[in-house]
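Trainee: Next up is a structure, given as structure tokens.
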Protein chains: 2
Amino acid sequence: TGSNEQIPGCCSIDFTVAVVLPAGGSGERTGLSTPKQFCTFLSRPLISYTIQAFERVAWIENIVIVVAKDSLDLMVNIVQQFSHKKVKVVPGGSTRHRSIFNGLQAFQGRGEGSALKKPKVVIIHDAVRPFVEEDFLLKIAIAAKEQGASGAIRPLVSTVIATTSEGYLDHSLERAKYRASEMPQGFLYDIIYQAYVQCSEADFEFGTECLHLVLQYCGTNARLVEGPPTLWKVTYKRDLFAAESIIKETLSQTACVVTGVCEESTRLACALQKTLRAQDMHVDVISTSLRSSGTFISKDWNFIHVTVKSTCLTDLGELVKTFKESDHAVLYPVVLILVHLDVLEQSSTSERMAALGGIRDLATEAKRINILLYGILLNHIKDAEQWEEAVEHLSQITTALIKDRNPALTGQLLWV
Amino acid sequence: TGSNEQIPGCCSIDFTVAVVLPAGGSGERTGLSTPKQFCTFLSRPLISYTIQAFERVAWIENIVIVVAKDSLDLMVNIVQQFSHKKVKVVPGGSTRHRSIFNGLQAFQGRGEGSALKKPKVVIIHDAVRPFVEEDFLLKIAIAAKEQGASGAIRPLVSTVIATTSEGYLDHSLERAKYRASEMPQGFLYDIIYQAYVQCSEADFEFGTECLHLVLQYCGTNARLVEGPPTLWKVTYKRDLFAAESIIKETLSQTACVVTGVCEESTRLACALQKTLRAQDMHVDVISTSLRSSGTFISKDWNFIHVTVKSTCLTDLGELVKTFKESDHAVLYPVVLILVHLDVLEQSSTSERMAALGGIRDLATEAKRINILLYGILLNHIKDAEQWEEAVEHLSQITTALIKDRNPALTGQLLWV
Ligand SMILES: [Mg+2]
Ligand SMILES: [Mg+2]
């Protein structure tokens with residue numbers, strides 16, 4: 001397809017690929033009452049991040065999500081709320097294998113509603129591994145097409161030991177000969193489907209490895225592909241913390257500074273760009289009227305609006321309106337920071353506060369559409385060294401707001 | 001000892017225990033240039049958190065830290081900066097086993113300086129597993145005393161598979177028979193020392209499991225003890241994120257509200273206590289003069305000072321001074337929030353701002369001793385419902401400041 005050709009090094013795929021995502025786990029290991037695939041960070045459940053990882057891959061045609069019957073409504077609501085495409089939600093069975101088989105049947109016209117088109121290759125993944133990347137999915141799909149089955153492996157993190165029945169060390173395994181079996185795995189659809197048709201009730205009840213079923217029932221030895229560390233599985237509460245931090249870090253790598261055309265604001269914007277870059281943030285400066293914001297708002301998750309003299313809340317209000325129409329902030333909270341440079345030294349703090357007081361109401365309105373709005377006041381300083389310090393402080397506050405993305409601090413006016 | 005008897009359910013230990021902590025790893029898996037044991041969060045390197053986990057255990061007599069020769073100065077500085085006790089730093093060898101053996105020799109009078117007293121049991125741990133708890137260390141120490149050797153195990157997270165030399169699935173292991181070998185491990189000192197004296201150059205060069213050495217050279221089958229998930233090892237960058245979040249969460253579980261004796265401030269303090277408790281924070285209210293602060297500052301990591309009418313920066317300054325004398329903030333940053341309730345409705349924003357302007361200077365001074373000082377302004381509202389909303393907003397801002405512990409936002413005056 002056209003979109004694949006634009007990705008450097010991406011082979012075009014000439015066969016059809018679909019995904020089955022079993023999401024029925026109980027999440028007992030996180031120590032939380034919510035199953036971990038439904039745990040929320042940055043206002044979005046984990047399962048939605050995993051869906052997004054597949055949805056953005058052009059050559060994946062369908063994503064079948066298998067959930068416990070109790071969670072069907074919840075899952076359908078998540079798909080709607082975050083505008084997921086290519087997704088079909090089906091009810092699961094009492095074990096992991098029964099759930100996967102239910103998912104595969106969505107391509108057989110046996111499920112409720114209309115059947116999906118049967119794919120050449122089906123990828124099976126975990127709902128709680130949200131960081132899988134397109135290039136690895138490609139490797140798994142191609143290996144499955146060629147070999148009939150494929151699976152991700154990783155080196156063992158710990159030494160594996162055999163224990164005696166009394167709880168003593170028996171022997172330890174030679175680490176080099178063994179690997180951890182991870183997800184995703186890929187299969188020719190007909191092979192994995194036949195394996196499930198032929199397997200026993202005991203396999204459905206107690207089995208865990210799809211790779212085993214296709215070996216046992218179809219004689220297919222899976223091709224094993226070493227995967228990157230990003231395949232890790234969200235298992236414990238600490239993993240939810242890690243996932244949130246990774247996503248916050250990813251969202252904080254770039255920012256867009258929007259400035260008017262006047263000299264003072266352009267100069268401040270460029271100084272801010274320089275200090276933010278020194279903190280490894282990629283920053284673009286756009287000199288424009290906010291009224292043409294439709295052309296740039298979909299390109300970033302962090303916007304810094306530099307104003308001088310006028311506090312420009314009308315323009316900022318229009319920007320919020322543009323976001324509302326664009327759906328851009330549906331997937332991640334957008335940070336919007338108003339930086340107001342006061343060049344009129346005679347204006348008092350209270351005058352500036354009053355002029356900018358409206359920021360609180362606008363922040364309340366913006367938060368409803370997942371935009372986190374903050375304000376920062378900055379005095380113009382003539383002394384070059386002090387000015388540099390002020391810009392440095394400004395960039396530290398800016399970075400802090402962008403990295404923390406804390407909804408409780410929106411509508412605040414910070415001062416440099 | 002006396003301190004052990006105060007811990008409910010804690011057996012007293014009638015033998016001596018020391019710890020060897022190899023900290024020479026290169027940290028290549030984190031993708032960071034700093035070895036992971038020296039990576040810093042909340043202004044403190046990971047290794048210091050791990051040292052702290054042993055230092056606070058009354059029945060552990062000595063902690064020997066083995067570091068690469070290049071890192072000796074760095075490590076000695078860390079021990080000084082964070083006032084660690086019971087610690088001796090020794091240079092490591094070219095492999096993990098050589099480093100551990102060097103650590104054990106610190107009890108033999110062969111190391112530089114004076115030898116430490118030889119312990120009955122030695123616990124070996126990883127520098128990058130900071131969350132090990134006293135009750136588990138006790139299990140390991142007692143099992144080592146009884147059996148000669150003991151080691152932590154955990155269930156396998158992934159299926160372990162054997163691969164063919166061509167990269168195909170050979171077979172998978174029956175998960176129930178195997179365990180992951182983790183740290184800590186415990187040994188009778190004489191047994192592990194003899195194992196190292198007798199083992200071959202090949203063991204020193206290529207071996208990884210101490211449990212194996214004592215089995216092979218001393219015929220000791222280690223007792224395996226199932227450990228809690230908190231034994232996890234900081235391996236990847238995501239684990240550093242997780243460790244930081246866990247520590248921040250732990251620090252955010254309690255707070256101390258300090259208030260004067262006047263009715264308005266006591267009422268606000270109690271209302272704030274109630275809303276913070278609803279967010280699962282344990283909150284104590286202390287009605288006192290800040291001048292007697294020496295008696296309570298060591299009990300918490302978060303202090304909220306409620307004032308009415310007077311902005312009380314003198315008292316706050318004295319509190320900061322008391323912290324400076326107490327060393328309490330050496331291990332973790334302390335959050336100090338000034339909540340100023342304005343009951344004089346006629347006073348303008350600018351008057352309040354001016355009165356509280358000094359908070360920035362005090363915040364700069366406080367930050368030097370690891371105290372993060374923030375201010376929050378609150379107007380008195382007569383309408384009961386609006387007042388409740390304001391208190392709710394106040395508690396959200398308070399929680400955000402405590403949880404994020406962001407040094408870039410200190411000295412700010414937020415408003416409810
Ligand atoms: Mg598996
Ligand atoms: Mg080991």
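Labels used: A, B, ... for chains in the order of the structure tokens, numbers from 1 for residues in each chain, and numbers from 1 for ligands as shown.
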Neighbours of ligand 1 at 8 Å or closer, counting only C-alpha atoms and all ligand atoms: which residues, as a ChimeraX atom specification?

Mentor: /A:181-183,208-210 /B:158-159

Trainee: As a list in words, could you give me every residue of chain A near chain B (at most 6 Å apart, counting only C-alpha atoms)?

Mentor: Ser158, Thr159, Val160, Ile161, Ala162, Gly167, Tyr168, Leu169, Tyr178, Arg179, Ala180, Ser181, Asn221, Ala222, Arg223, Leu224, Arg238, Phe241, Ala242, Ser350, Gln396, Ile397 and Ala408 of chain A

Trainee: Excluding segment 339-341 of chain B and any residue of its chain fewer than 2 positions from it, enumerate the residues within 8 Å of it, using only C-alpha atoms, and give them as a list in words.

Mentor: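 Neighbouring residues, sequence-local ones excluded: Ser265, Ile304, His305, Val306, Thr307, Val308, Lys309, Thr311, Ile337, Val343, Gly375, Ile376, Leu377, Leu378, Asn379 and His380 of chain B.
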
Trainee: Can you write out the residues you just picked, keeping C-alpha atoms, as a PDB file, in the first residue's frame?

Mentor:
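Saved as selection-v6.pdb:
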ATOM      1  CA  SER B 265      -6.822  27.770  60.845  1.00  0.00           C
ATOM      2  CA  ILE B 304       1.409  21.563  55.363  1.00  0.00           C
ATOM      3  CA  HIS B 305       1.555  24.795  57.360  1.00  0.00           C
ATOM      4  CA  VAL B 306      -1.856  26.486  57.595  1.00  0.00           C
ATOM      5  CA  THR B 307      -1.819  30.209  58.412  1.00  0.00           C
ATOM      6  CA  VAL B 308      -4.532  32.828  58.712  1.00  0.00           C
ATOM      7  CA  LYS B 309      -4.095  36.619  58.586  1.00  0.00           C
ATOM      8  CA  THR B 311       1.739  35.150  56.429  1.00  0.00           C
ATOM      9  CA  ILE B 337       3.512  23.685  51.720  1.00  0.00           C
ATOM     10  CA  VAL B 343     -10.016  36.075  55.846  1.00  0.00           C
ATOM     11  CA  GLY B 375       2.751  28.289  48.678  1.00  0.00           C
ATOM     12  CA  ILE B 376      -1.011  28.127  48.150  1.00  0.00           C
ATOM     13  CA  LEU B 377      -3.409  31.086  48.588  1.00  0.00           C
ATOM     14  CA  LEU B 378      -7.009  30.480  49.563  1.00  0.00           C
ATOM     15  CA  ASN B 379      -9.817  33.006  49.964  1.00  0.00           C
ATOM     16  CA  HIS B 380     -12.275  32.596  52.770  1.00  0.00           C
TER      17      HIS B 380
END

Trainee: Considering only C-alpha atoms and all ligand atoms, can you say which of B:Thr34, B:Ser99, B:Asn77, B:Gln185 comes closest to ligand 2?

Mentor: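 So, comparing all the options, the nearest one is B:Gln185.
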
Trainee: Looking only at helix (DSSP H, G or I) from DSSP on the backbone, list the matching residues of segment 51-147 of chain B as a PyMOL selection string.

Mentor: chain B and resi 51-55+69-81+96-105+134-147

Trainee: Might you pull out every residue within 6 Å of segment 140-146 of chain A, with only C-alpha atoms counted and same-chain residues fewer than 2 positions away left off, and present them as a list in words?

Mentor: Leu137, Leu138, Gly148, Ala149, Ser150, Gly186, Phe187 and Leu188 of chain A

Trainee: Name all residues at most 7 Å from Val214 of chain B (count only C-alpha atoms; drop same-chain ones fewer than 4 positions away) and give them as a ChimeraX atom specification.

Mentor: /B:191-192,195,210,218-220

Trainee: Can you pull out the residues contacting Tyr189 of chain B? Cut-off 12 Å, using only C-alpha atoms, and skip same-chain residues under 4 positions away; I want them as number ranges by chain.

Mentor: B: 15-20, 101, 103-108, 117-124, 141, 144-145, 148-149, 185, 193-196, 214

Trainee: Just checking: using only C-alpha atoms and all ligand atoms, which residue out of B:Gly207, B:Pro228, B:Pro130, B:Gly92 ends up closest to ligand 2?

Mentor: B:Gly207

Trainee: Which residues are near Val330 of chain A? Cut-off 9 Å, only C-alpha atoms, ignore same chain within fewer than 3 positions. Put them as a list in words.

Mentor: Gln81, Phe82, Ser83, Asp327, Pro333, Ile369 and Asn370 of chain A

Trainee: Would you write out those residues with N, CA and C atoms, as a tab-separated table (two decimals), in the first residue's frame?

Mentor:
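Saved to result.tsv:
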chain	number	residue	atom	x	y	z
A	81	GLN	N	-14.98	5.61	22.90
A	81	GLN	CA	-14.44	6.83	23.51
A	81	GLN	C	-13.13	7.26	22.86
A	82	PHE	N	-12.30	6.29	22.49
A	82	PHE	CA	-11.00	6.64	21.93
A	82	PHE	C	-10.95	6.44	20.41
A	83	SER	N	-12.15	6.35	19.81
A	83	SER	CA	-12.29	6.31	18.34
A	83	SER	C	-11.42	5.25	17.69
A	327	ASP	N	-10.31	16.60	17.48
A	327	ASP	CA	-10.14	15.28	18.11
A	327	ASP	C	-8.70	14.94	18.47
A	333	PRO	N	-3.39	13.66	26.70
A	333	PRO	CA	-3.63	15.05	27.11
A	333	PRO	C	-2.62	15.98	26.44
A	369	ILE	N	-11.85	18.80	27.34
A	369	ILE	CA	-11.46	18.11	26.10
A	369	ILE	C	-10.00	17.66	26.19
A	370	ASN	N	-9.52	17.39	27.43
A	370	ASN	CA	-8.21	16.77	27.63
A	370	ASN	C	-7.05	17.70	27.28
